[in-house]
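Participant: model.txt (compact mmCIF, C-alpha atoms) pasted underneath:
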# COMPACT_ATOMS: atom_id res chain seq x y z
CA MET X 736 30.91 8.42 31.61
CA LYS X 737 28.48 5.76 32.70
CA THR X 738 26.85 8.20 35.10
CA LYS X 739 26.46 10.83 32.40
CA THR X 740 24.89 8.30 30.01
CA PHE X 741 22.56 7.14 32.80
CA ILE X 742 21.42 10.72 33.46
CA ILE X 743 20.84 11.47 29.77
CA VAL X 744 18.86 8.26 29.23
CA ASN X 745 16.76 8.95 32.30
CA ALA X 746 16.09 12.52 31.18
CA LEU X 747 15.02 11.33 27.72
CA ALA X 748 12.76 8.69 29.23
CA GLY X 749 11.22 11.29 31.52
CA LEU X 750 10.58 13.62 28.62
CA LEU X 751 8.99 10.80 26.62
CA LEU X 752 6.73 9.86 29.52
CA TYR X 753 5.70 13.48 30.05
CA GLY X 754 5.01 13.97 26.36
CA GLY X 755 2.99 10.76 26.22
CA SER X 756 0.85 11.67 29.19
CA TRP X 757 0.28 15.18 27.77
CA LEU X 758 -0.94 13.69 24.50
CA VAL X 759 -3.23 11.22 26.27
CA ASP X 760 -4.62 14.02 28.41
CA TRP X 761 -5.18 16.28 25.38
CA ASN X 762 -6.92 13.51 23.43
CA HIS X 763 -9.10 12.74 26.40
CA GLU X 764 -10.16 16.35 26.72
CA ALA X 765 -10.82 16.72 23.00
CA ALA X 766 -12.94 13.59 22.86
CA PRO X 767 -16.74 14.11 22.84
CA GLY X 768 -18.29 13.67 26.25
CA ALA X 769 -15.03 14.14 28.11
CA GLY X 770 -15.82 14.65 31.72
CA GLU X 771 -13.03 17.01 32.70
CA PRO X 772 -14.51 20.20 34.09
CA GLU X 773 -13.62 23.33 32.15
CA SER X 774 -13.43 25.44 35.26
CA THR X 775 -10.04 24.11 36.23
CA ALA X 776 -7.54 26.35 34.51
CA SER X 777 -4.61 24.63 32.90
CA PRO X 778 -1.21 25.67 34.22
CA ARG X 779 -0.10 25.98 30.59
CA SER X 780 -2.89 28.41 29.73
CA SER X 781 -1.87 31.98 29.15
CA GLY X 782 -3.20 35.07 27.40
CA PRO X 783 -6.87 36.16 27.37
CA GLY X 784 -8.41 32.66 27.79
CA PRO X 785 -9.80 32.90 31.34
CA GLU X 786 -11.04 36.46 30.90
CA LEU X 787 -12.83 35.59 27.69
CA GLU X 788 -14.28 32.49 29.26
CA GLU X 789 -15.62 34.56 32.12
CA ARG X 790 -17.15 37.08 29.75
CA VAL X 791 -18.83 34.35 27.69
CA THR X 792 -20.20 32.71 30.83
CA SER X 793 -21.43 36.07 32.03
CA PHE X 794 -23.17 36.78 28.68
CA GLN X 795 -24.81 33.37 28.72
CA SER X 796 -25.97 33.84 32.28
CA ARG X 797 -27.43 37.26 31.53
CA ALA X 798 -29.16 35.92 28.41
CA ARG X 799 -30.74 33.15 30.49
CA GLU X 800 -31.89 35.64 33.11
CA ARG X 801 -33.45 37.85 30.44
CA GLN X 802 -35.21 34.88 28.88
CA VAL X 803 -36.63 33.76 32.18
CA ALA X 804 -37.68 37.31 33.06
CA ALA X 805 -39.43 37.73 29.70
CA ARG X 806 -41.31 34.49 30.11
CA THR X 807 -42.31 35.26 33.66
CA ALA X 808 -43.58 38.66 32.66
CA ARG X 809 -45.51 37.14 29.79
CA THR X 810 -47.28 34.41 31.65
CA GLY X 811 -47.69 36.51 34.78
CA VAL X 812 -48.78 33.38 36.60
CA ARG X 813 -46.00 30.95 37.21
CA SER X 814 -42.33 31.58 37.50
CA ARG X 815 -40.10 29.61 35.21
CA ALA X 816 -36.94 30.59 37.01
CA GLU X 817 -36.09 26.98 37.56
CA ALA X 818 -37.26 25.72 34.19
CA PRO X 819 -34.49 23.99 32.27
CA LEU X 820 -33.38 25.74 29.12
CA VAL X 821 -34.00 22.69 27.03
CA PRO X 822 -36.73 21.85 24.54
CA GLU X 823 -40.07 21.33 26.17
CA GLN X 824 -42.14 18.16 25.95
CA ARG X 825 -43.91 19.10 22.79
CA HIS X 826 -40.55 19.02 20.95
CA GLU X 827 -39.80 15.47 21.94
CA SER X 828 -40.17 14.24 18.39
CA LEU X 829 -37.07 16.23 17.47
CA PRO X 830 -33.74 14.79 18.59
CA SER X 831 -32.44 18.18 19.64
CA GLU X 832 -33.25 21.81 19.20
CA ALA X 833 -30.94 24.58 18.11
CA PRO X 834 -29.38 26.18 21.18
CA GLY X 835 -30.31 29.62 19.91
CA ASN X 836 -34.03 28.84 19.87
CA PRO X 837 -35.01 27.27 23.16
CA ALA X 838 -38.34 29.08 23.46
CA PRO X 839 -41.53 27.07 23.56
CA GLU X 840 -43.73 27.28 20.50
CA THR X 841 -45.60 30.52 20.12
CA ASN X 842 -49.29 29.89 20.30
CA ARG X 843 -51.89 31.62 18.19
CA GLU X 844 -53.90 32.73 21.20
CA GLU X 845 -50.98 34.86 22.42
CA ILE X 846 -50.72 36.61 19.06
CA VAL X 847 -54.45 37.22 18.86
CA SER X 848 -54.52 38.53 22.46
CA LEU X 849 -51.69 40.98 21.87
CA LEU X 850 -53.13 42.28 18.62
CA ASP X 851 -56.64 42.50 20.06
CA ALA X 852 -55.29 44.47 23.01
CA ARG X 853 -53.63 46.91 20.66
CA PHE X 854 -56.58 47.18 18.32
CA PHE X 855 -59.23 47.78 20.98
CA SER X 856 -57.11 50.41 22.71
CA GLU X 857 -56.66 52.41 19.51
CA ALA X 858 -58.42 55.63 18.70
CA PHE X 859 -60.45 55.98 15.50
CA ASP X 860 -59.11 57.71 12.43
CA PRO X 861 -62.39 58.35 10.59
CA ALA X 862 -60.92 59.28 7.23
CA TRP X 863 -58.52 56.38 6.94
CA GLY X 864 -60.95 54.00 8.66
CA ARG X 865 -63.71 54.64 6.13
CA GLU X 866 -61.45 54.21 3.13
CA ALA X 867 -59.74 51.15 4.63
CA LYS X 868 -63.04 49.49 5.48
CA HIS X 869 -64.17 49.94 1.90
CA ARG X 870 -61.02 48.17 0.66
CA ALA X 871 -61.32 45.43 3.27
CA GLU X 872 -64.91 44.79 2.18
CA GLN X 873 -63.64 44.13 -1.32
CA LEU X 874 -61.56 41.28 0.09
CA CYS X 875 -64.77 39.55 1.06
CA SER X 876 -65.30 38.58 -2.56
CA MET X 877 -62.32 36.26 -2.12
CA LEU X 878 -64.03 34.20 0.55
CA SER X 879 -64.96 30.72 -0.55
CA ALA X 880 -68.48 29.32 -0.47
CA GLY X 881 -69.68 28.85 3.08
CA ALA X 882 -67.26 31.39 4.54
CA ARG X 883 -68.44 34.72 5.90
CA VAL X 884 -67.25 37.86 7.64
CA VAL X 885 -68.40 37.94 11.27
CA SER X 886 -67.18 41.46 11.98
CA LEU X 887 -65.09 44.14 10.33
CA GLU X 888 -63.81 47.30 11.99
CA CYS X 889 -61.03 49.74 11.15
CA ARG X 890 -59.44 52.13 13.62
CA SER X 891 -56.21 54.09 13.15
CA SER X 892 -53.41 51.62 12.35
CA MET X 893 -55.28 48.51 11.26
CA CYS X 894 -58.54 46.82 10.40
CA ARG X 895 -59.71 43.78 12.31
CA MET X 896 -61.67 41.24 10.30
CA GLU X 897 -63.20 38.24 12.01
CA MET X 898 -64.28 35.40 9.75
CA SER X 899 -65.86 31.98 9.83
CA HIS X 900 -64.78 29.28 7.39
CA PRO X 901 -66.08 25.83 6.63
CA SER X 902 -62.56 24.39 6.79
CA LEU X 903 -58.88 25.19 7.30
CA GLU X 904 -58.40 24.99 3.52
CA SER X 905 -61.02 27.69 3.08
CA PHE X 906 -59.08 30.00 5.44
CA GLN X 907 -55.79 29.26 3.68
CA GLY X 908 -57.39 29.77 0.27
CA PHE X 909 -58.68 33.19 1.33
CA ILE X 910 -55.25 34.24 2.60
CA ARG X 911 -53.56 33.04 -0.58
CA LYS X 912 -56.01 34.47 -3.09
CA GLY X 913 -57.11 37.55 -1.20
CA LEU X 914 -53.95 38.75 0.46
CA LEU X 915 -50.87 37.05 -0.97
CA GLU X 916 -51.46 36.63 -4.68
CA GLU X 917 -53.60 39.69 -5.29
CA ASP X 918 -52.53 43.18 -4.36
CA LYS X 919 -55.86 44.02 -2.79
CA TRP X 920 -54.36 45.27 0.47
CA ASP X 921 -51.45 47.70 0.47
CA GLY X 922 -50.00 46.93 3.92
CA GLY X 923 -48.82 43.94 5.87
CA PHE X 924 -51.14 41.70 7.82
CA MET X 925 -51.35 39.06 10.48
CA ALA X 926 -53.94 36.32 10.35
CA ALA X 927 -54.66 33.39 12.63
CA ILE X 928 -57.11 30.61 13.24
CA LYS X 929 -58.89 31.16 16.55
CA SER X 930 -60.65 27.84 16.95
CA ASP X 931 -59.49 24.26 16.66
CA PRO X 932 -58.68 23.87 12.95
CA SER X 933 -59.51 20.19 13.03
CA GLN X 934 -63.19 20.97 13.70
CA PRO X 935 -64.78 21.17 10.25
CA GLY X 936 -67.58 23.62 9.70
CA SER X 937 -66.58 26.00 12.44
CA VAL X 938 -63.12 27.37 11.76
CA GLU X 939 -63.03 30.86 13.24
CA SER X 940 -60.25 33.20 12.16
CA VAL X 941 -59.17 36.78 12.51
CA ALA X 942 -57.06 38.98 10.23
CA TYR X 943 -55.39 42.22 11.26
CA LEU X 944 -54.82 44.31 8.16
CA ALA X 945 -52.12 46.89 8.82
CA ARG X 946 -52.18 50.40 7.50
CA ASN X 947 -49.49 50.93 4.88
CA GLY X 948 -46.20 51.60 6.70
CA VAL X 949 -47.35 50.11 10.01
CA ASP X 950 -45.23 47.19 11.24
CA LEU X 951 -47.54 45.12 13.43
CA ALA X 952 -44.89 42.49 14.19
CA SER X 953 -42.27 44.82 15.64
CA THR X 954 -44.68 47.09 17.45
CA SER X 955 -47.05 44.49 18.89
CA LEU X 956 -45.42 41.08 18.99
CA LEU X 957 -41.87 41.81 20.09
CA ALA X 958 -42.73 40.64 23.61
CA LEU X 959 -43.42 37.16 22.30
CA ASP X 960 -40.06 36.10 21.01
CA GLY X 961 -37.42 38.63 21.90
CA PRO X 962 -35.42 41.01 19.78
CA ARG X 963 -34.60 40.61 16.15
CA MET M 402 -1.00 23.91 22.41
CA LYS M 403 -3.78 23.20 24.86
CA SER M 404 -4.25 26.84 25.76
CA LYS M 405 -4.26 27.83 22.10
CA ILE M 406 -7.04 25.36 21.32
CA LYS M 407 -8.95 26.56 24.34
CA GLY M 408 -8.48 30.17 23.25
CA VAL M 409 -9.75 29.40 19.75
CA VAL M 410 -12.84 27.63 21.12
CA ILE M 411 -13.64 30.49 23.49
CA MET M 412 -13.09 33.07 20.76
CA ALA M 413 -15.38 31.13 18.42
CA ALA M 414 -18.08 30.99 21.10
CA ALA M 415 -17.76 34.72 21.68
CA LEU M 416 -17.86 35.61 17.98
CA LEU M 417 -20.65 33.21 16.97
CA PRO M 418 -23.50 35.63 17.81
CA LEU M 419 -21.84 38.30 15.68
CA VAL M 420 -21.41 35.93 12.76
CA ALA M 421 -25.08 34.93 13.05
CA ALA M 422 -26.21 38.56 12.92
CA ALA M 423 -26.88 38.54 9.20
CA ARG M 424 -27.39 36.04 6.45
CA SER M 425 -27.78 36.23 2.70
CA ALA M 426 -29.13 33.99 0.00
CA PRO M 427 -28.73 34.17 -3.77
CA ALA M 428 -31.93 34.38 -5.77
CA SER M 429 -31.09 31.04 -7.36
CA SER M 430 -31.92 29.34 -4.05
CA GLY M 431 -35.59 30.00 -4.80
CA ARG M 432 -38.00 28.67 -7.40
CA PRO M 433 -41.10 29.75 -9.29
CA GLN M 434 -44.30 29.49 -7.28
CA PHE M 435 -45.82 27.60 -10.18
CA TRP M 436 -43.41 24.95 -11.34
CA ASN M 437 -44.67 24.96 -14.91
CA GLU M 438 -43.27 28.51 -15.11
CA GLY M 439 -39.75 27.22 -14.52
CA PRO M 440 -38.69 27.70 -18.15
CA CYS M 441 -39.59 31.39 -17.86
CA PHE M 442 -36.80 32.00 -15.37
CA TRP M 443 -33.15 32.01 -16.21
CA MET M 444 -30.08 32.43 -14.07
CA ASP M 445 -27.05 34.64 -14.51
CA GLY M 446 -24.46 34.70 -11.74
CA SER M 447 -27.07 33.25 -9.37
CA ARG M 448 -29.40 36.18 -10.13
CA MET M 449 -32.79 35.20 -11.49
CA SER M 450 -34.77 36.89 -14.24
CA ASN M 451 -38.19 36.38 -15.78
CA GLY M 452 -37.35 36.33 -19.45
CA GLY M 453 -37.36 32.83 -20.78
CA PRO M 454 -38.36 32.13 -24.39
CA GLY M 455 -42.07 32.31 -25.07
CA CYS M 456 -42.90 33.85 -21.68
CA SER M 457 -44.74 37.05 -20.99
CA GLY M 458 -46.28 38.84 -18.06
CA ARG M 459 -45.61 38.80 -14.34
CA LYS M 460 -44.35 35.62 -12.67
CA SER M 461 -44.19 34.67 -9.01
CA PHE M 462 -40.90 33.56 -7.49
CA GLU M 463 -40.32 32.35 -3.92
CA ILE M 464 -37.12 32.06 -1.89
CA PRO M 465 -37.09 30.10 1.39
CA LEU M 466 -35.10 31.78 4.16
CA VAL M 467 -33.58 29.65 6.91
CA VAL M 468 -34.11 31.23 10.33
CA ASP M 469 -32.47 30.52 13.68
CA SER M 470 -34.84 32.36 15.97
CA ALA M 471 -38.43 33.45 16.30
CA GLY M 472 -39.59 37.06 16.15
CA PRO M 473 -40.16 39.94 13.76
CA LYS M 474 -37.94 39.74 10.68
CA THR M 475 -36.70 42.42 8.33
CA VAL M 476 -35.86 41.14 4.86
CA GLU M 477 -33.96 43.05 2.19
CA VAL M 478 -34.30 41.97 -1.41
CA THR M 479 -31.87 43.33 -3.97
CA ALA M 480 -33.65 43.54 -7.30
CA GLN M 481 -33.38 45.35 -10.60
CA GLY M 482 -35.65 46.55 -13.35
CA ALA M 483 -34.69 48.76 -16.29
CA THR M 484 -38.09 50.47 -16.49
CA PRO M 485 -41.40 50.45 -14.57
CA SER M 486 -42.61 47.68 -16.86
CA ASN M 487 -39.75 45.49 -15.60
CA ASN M 488 -40.73 45.94 -11.97
CA VAL M 489 -40.18 43.56 -9.08
CA CYS M 490 -42.57 43.55 -6.07
CA CYS M 491 -41.76 41.49 -2.98
CA GLN M 492 -43.40 40.42 0.26
CA ALA M 493 -41.90 38.54 3.23
CA VAL M 494 -44.04 35.87 4.84
CA GLY M 495 -43.61 34.27 8.27
CA ALA M 496 -45.86 31.36 9.11
CA PHE M 497 -46.70 28.82 11.75
CA ARG M 498 -45.46 25.43 10.73
CA ASP M 499 -49.00 24.20 10.19
CA GLY M 500 -50.11 27.28 8.26
CA THR M 501 -52.75 28.26 10.84
CA ALA M 502 -51.30 31.74 11.33
CA LEU M 503 -49.18 34.17 9.33
CA GLY M 504 -47.31 37.43 9.85
CA VAL M 505 -46.76 39.09 6.49
CA SER M 506 -45.02 42.28 5.40
CA GLY M 507 -46.57 44.68 2.96
CA ARG M 508 -45.67 44.12 -0.69
CA VAL M 509 -43.05 46.62 -1.82
CA CYS M 510 -42.05 47.30 -5.43
CA LEU M 511 -39.00 48.89 -6.98
CA SER M 512 -39.38 52.64 -7.08
CA VAL M 513 -36.10 53.45 -8.83
CA PHE M 514 -35.23 51.84 -12.15
CA GLY M 515 -31.92 51.10 -13.76
CA PRO M 516 -29.28 49.95 -11.28
CA PRO M 517 -30.00 47.32 -8.60
CA GLN M 518 -32.05 48.59 -5.64
CA VAL M 519 -32.72 47.25 -2.16
CA ILE M 520 -36.37 46.57 -1.30
CA THR M 521 -36.80 46.56 2.49
CA LEU M 522 -39.64 44.46 3.87
CA VAL M 523 -40.77 44.87 7.48
CA GLY M 524 -43.69 43.26 9.25
CA ALA M 525 -43.02 39.55 8.78
CA PHE M 526 -43.26 37.58 11.99
CA VAL M 527 -41.86 34.09 12.52
CA PRO M 528 -43.18 32.18 15.54
CA SER M 529 -40.96 29.60 17.19
CA ALA M 530 -40.95 26.47 15.04
CA GLY M 531 -42.29 28.56 12.17
CA TYR M 532 -40.72 29.39 8.83
CA LEU M 533 -39.94 32.36 6.60
CA TYR M 534 -39.87 32.99 2.89
CA VAL M 535 -39.96 35.89 0.49
CA ASN M 536 -42.25 36.05 -2.52
CA CYS M 537 -41.45 38.31 -5.48
CA LEU M 538 -43.69 39.12 -8.42
CA VAL M 539 -41.28 39.62 -11.30
CA ASP M 540 -42.28 41.44 -14.46
CA LEU M 541 -40.78 40.46 -17.77
CA ASN M 542 -37.03 41.20 -17.72
CA GLY M 543 -37.08 42.08 -14.05
CA TRP M 544 -34.27 40.67 -11.90
CA VAL M 545 -34.06 39.31 -8.38
CA ASP M 546 -30.42 39.33 -7.25
CA SER M 547 -30.23 38.26 -3.62
CA VAL M 548 -31.84 38.41 -0.18
CA ASN M 549 -30.30 39.64 3.08
CA TYR M 550 -31.95 39.12 6.44
CA THR M 551 -31.38 38.53 10.12
CA PRO M 552 -31.89 34.85 10.76
For the structure just supplied, provide its representation as structure tokens.
Facilitator:
Amino acid sequence: MKTKTFIIVNALAGLLLYGGSWLVDWNHEAAPGAGEPESTASPRSSGPGPELEERVTSFQSRARERQVAARTARTGVRSRAEAPLVPEQRHESLPSEAPGNPAPETNREEIVSLLDARFFSEAFDPAWGREAKHRAEQLCSMLSAGARVVSLECRSSMCRMEMSHPSLESFQGFIRKGLLEEDKWDGGFMAAIKSDPSQPGSVESVAYLARNGVDLASTSLLALDGPR
Amino acid sequence: MKSKIKGVVIMAAALLPLVAAARSAPASSGRPQFWNEGPCFWMDGSRMSNGGPGCSGRKSFEIPLVVDSAGPKTVEVTAQGATPSNNVCCQAVGAFRDGTALGVSGRVCLSVFGPPQVITLVGAFVPSAGYLYVNCLVDLNGWVDSVNYTP
């Protein structure tokens, strides 16, 4: 009888100890910053866990490779294969960046280069070009005092209008009054400052006025920031 | 227990990109471009209409759209107008955070009147660290219902 009681008590104590250690282990793993590596599979794990984990890791790895490849192709100069997928220095003011958006900030020069490359490689569509240029010229009346059109040319899918403004506010005012608030242009557009906007008196800008139905962003700028 | 939690976490990680594939916003998350026109707009079931007392003519309404990634964006606005004089015309705008560059869709109006219609806007471009919004010009008694987009 005594032996039986001894065995039962010992078994209960063992179970309690095991349960306690399991709880401590689980809490430790659930705690933020727990250092236990995820690669060690738990003997209790069953079902699709490891397979799913592998697939997720594989997707993440492929996404990283594609990102790096896209950047390398874009810069064409230096490989970023070893660049960390974390916010770059210019984002230091932010505590962290969303994991889905690790790309460095798009710069205006890249946009202008891509759109210029497309524009200057286009053929002319005389009929549309003439009519579009006439409408684009009407936008000039929206320029503020001191601003002027440096060049204006229309080809087959867009017009390219280069401008000079006395200030950044003058550029923004033209965009707002001429292209956003008034329906003076029937398509989409892209516009960017080309020079340093903090230099008053010499703010150079360019606007690409798309033909109605032409999507400049998807057809020309997709290389900048990946798929939709 | 442990494996179940692990399974749930892995499943969530696998499904997250699918969940993030589309987002919607009610029109009531926006506001009039000119704040003094606030009384002209009224809300019904989170849809917004230009039809307040003493108001007439076309009013401008803007809805900010939270994005998770840079790139070209397609925005769908569901809007309604009983007749062509109750039209709604929208335009999606992507901008650099300092306003020194913009990628803007063409402005598209309702072409069918009566029941709610979807206005599809293509051509907006959001650079990394940029932002996105949709602007709608709403005629008297026109309605903006909601916006759907890929964040």
Participant: Skip Trp443 in chain M itself and residues of its chain fewer than 5 positions away, then list as a compact mmCIF listing (two decimals) with C-alpha atoms, in the frame of the given file all residues within 7 Å of it, counting only C-alpha atoms.
Facilitator:
# COMPACT_ATOMS: atom_id res chain seq x y z
CA MET M 449 -32.79 35.20 -11.49
CA SER M 450 -34.77 36.89 -14.24
CA ASN M 451 -38.19 36.38 -15.78
CA GLY M 452 -37.35 36.33 -19.45
CA GLY M 453 -37.36 32.83 -20.78
Participant: CA of Arg895 in chain X and CA of Phe855 in chain X, how far apart in Å?
Facilitator: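 Straight-line distance from CA of Phe855 in chain X to CA of Arg895 in chain X works out to 9.6 Å.
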Participant: Residues near range 436-441 of chain M, anyone? I mean within 12 Å using all atoms listed in the file, not counting same-chain ones fewer than 3 positions away, as a PyMOL selection string.
Facilitator: chain M and resi 429+431-433+444+449-463+539-543
Participant: Could you work out how far CA of Pro839 in chain X lies from CA of Val467 in chain M, giving the answer in Å with one decimal?
Facilitator: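 So the two atoms, CA of Val467 in chain M and CA of Pro839 in chain X, lie 18.6 Å apart.
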Participant: Using only C-alpha atoms, which residues of chain M come within 7 Å of chain X, and what is the closest atom pair for each, with the distance in Å to one decimal? Give it as JSON lines, sorted by chain and residue number.
Facilitator:
{"residue": "M:Ser404", "atom": "CA", "partner": "X:Ser780", "partner_atom": "CA", "distance": 4.5}
{"residue": "M:Gly408", "atom": "CA", "partner": "X:Gly784", "partner_atom": "CA", "distance": 5.2}
{"residue": "M:Ile411", "atom": "CA", "partner": "X:Glu788", "partner_atom": "CA", "distance": 6.1}
{"residue": "M:Ala415", "atom": "CA", "partner": "X:Val791", "partner_atom": "CA", "distance": 6.1}
{"residue": "M:Asp469", "atom": "CA", "partner": "X:Asn836", "partner_atom": "CA", "distance": 6.6}
{"residue": "M:Ser470", "atom": "CA", "partner": "X:Asn836", "partner_atom": "CA", "distance": 5.3}
{"residue": "M:Ala471", "atom": "CA", "partner": "X:Asp960", "partner_atom": "CA", "distance": 5.6}
{"residue": "M:Gly472", "atom": "CA", "partner": "X:Asp960", "partner_atom": "CA", "distance": 5.0}
{"residue": "M:Pro473", "atom": "CA", "partner": "X:Ala952", "partner_atom": "CA", "distance": 5.4}
{"residue": "M:Lys474", "atom": "CA", "partner": "X:Arg963", "partner_atom": "CA", "distance": 6.5}
{"residue": "M:Thr501", "atom": "CA", "partner": "X:Ile928", "partner_atom": "CA", "distance": 5.5}
{"residue": "M:Ala502", "atom": "CA", "partner": "X:Ala927", "partner_atom": "CA", "distance": 4.0}
{"residue": "M:Leu503", "atom": "CA", "partner": "X:Ala926", "partner_atom": "CA", "distance": 5.3}
{"residue": "M:Gly504", "atom": "CA", "partner": "X:Met925", "partner_atom": "CA", "distance": 4.4}
{"residue": "M:Val505", "atom": "CA", "partner": "X:Phe924", "partner_atom": "CA", "distance": 5.3}
{"residue": "M:Ser506", "atom": "CA", "partner": "X:Gly923", "partner_atom": "CA", "distance": 4.2}
{"residue": "M:Gly507", "atom": "CA", "partner": "X:Gly923", "partner_atom": "CA", "distance": 3.8}
{"residue": "M:Arg508", "atom": "CA", "partner": "X:Asp921", "partner_atom": "CA", "distance": 6.9}
{"residue": "M:Val523", "atom": "CA", "partner": "X:Asp950", "partner_atom": "CA", "distance": 6.3}
{"residue": "M:Gly524", "atom": "CA", "partner": "X:Asp950", "partner_atom": "CA", "distance": 4.7}
{"residue": "M:Ala525", "atom": "CA", "partner": "X:Ala952", "partner_atom": "CA", "distance": 6.4}
{"residue": "M:Phe526", "atom": "CA", "partner": "X:Ala952", "partner_atom": "CA", "distance": 5.6}
{"residue": "M:Pro528", "atom": "CA", "partner": "X:Thr841", "partner_atom": "CA", "distance": 5.4}
{"residue": "M:Ser529", "atom": "CA", "partner": "X:Glu840", "partner_atom": "CA", "distance": 4.9}
{"residue": "M:Ala530", "atom": "CA", "partner": "X:Glu840", "partner_atom": "CA", "distance": 6.2}
Participant: For a test of reading the model, state the distance in Å between CA of Phe514 in chain M and CA of Asn487 in chain M, rounded to one decimal.
Facilitator: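 About the pair CA of Phe514 in chain M and CA of Asn487 in chain M: they are 8.5 Å apart.
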Participant: Of the residues M:Cys490, M:Ala480, M:Val545, M:Tyr550, which is the one nearest to Ser447 in chain M, using only C-alpha atoms?
Facilitator: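 The shortest atom-to-atom distance to Ser447 in chain M comes from M:Val545.
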Participant: Tell me which residues come within 8 Å of (-65.3, 28.8, 12.7), as a list of chain:residue names, counting all atoms listed in the file in the file's coordinates.
Facilitator: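 These residues have at least one counted atom within 8 Å: X:Met898, X:Ser899, X:His900, X:Pro901, X:Ser902, X:Lys929, X:Ser930, X:Gly936, X:Ser937, X:Val938, X:Glu939, X:Ser940.
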Participant: In terms of the shortest atom-to-atom distance over only C-alpha atoms, which of M:Leu538, M:Gln492, M:Gly446, M:Ile464 is closest to Ala426 in chain M?
Facilitator: M:Ile464
Participant: Can you pull out every residue within 10 Å of Glu917 in chain X, counting all atoms listed in the file, but drop anything in the same chain fewer than 4 positions away, and send it as a CSV table (one decimal) with C-alpha atoms, keeping the file's coordinate frame?
Facilitator:
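The result, stored in result.csv:
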chain,number,residue,atom,x,y,z
X,874,LEU,CA,-61.6,41.3,0.1
X,877,MET,CA,-62.3,36.3,-2.1
X,910,ILE,CA,-55.2,34.2,2.6
X,911,ARG,CA,-53.6,33.0,-0.6
X,912,LYS,CA,-56.0,34.5,-3.1
X,913,GLY,CA,-57.1,37.6,-1.2
Participant: Which of these, X:Asp851, X:Trp863, X:Phe909, X:Ser856, has the shortest distance to Gly881 in chain X once you count all atoms listed in the file?
Facilitator: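 The answer is X:Phe909, which sits nearest to Gly881 in chain X.
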Participant: Choose the residue, out of M:Leu522, M:Leu533, M:Cys510, M:Ala483, that has the smallest atom-to-atom separation from Pro552 in chain M; count all atoms listed in the file.
Facilitator: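 Nearest candidate to Pro552 in chain M out of M:Leu522, M:Leu533, M:Cys510, M:Ala483: M:Leu533.
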Participant: Find the residues around Thr551 in chain M up to 9 Å (only C-alpha atoms counted), leave out those fewer than 6 positions away in its own chain, and share them as an MDAnalysis selection string.
Facilitator: (chainID X and resid 963) or (chainID M and resid 421:425 468:469 474:476)
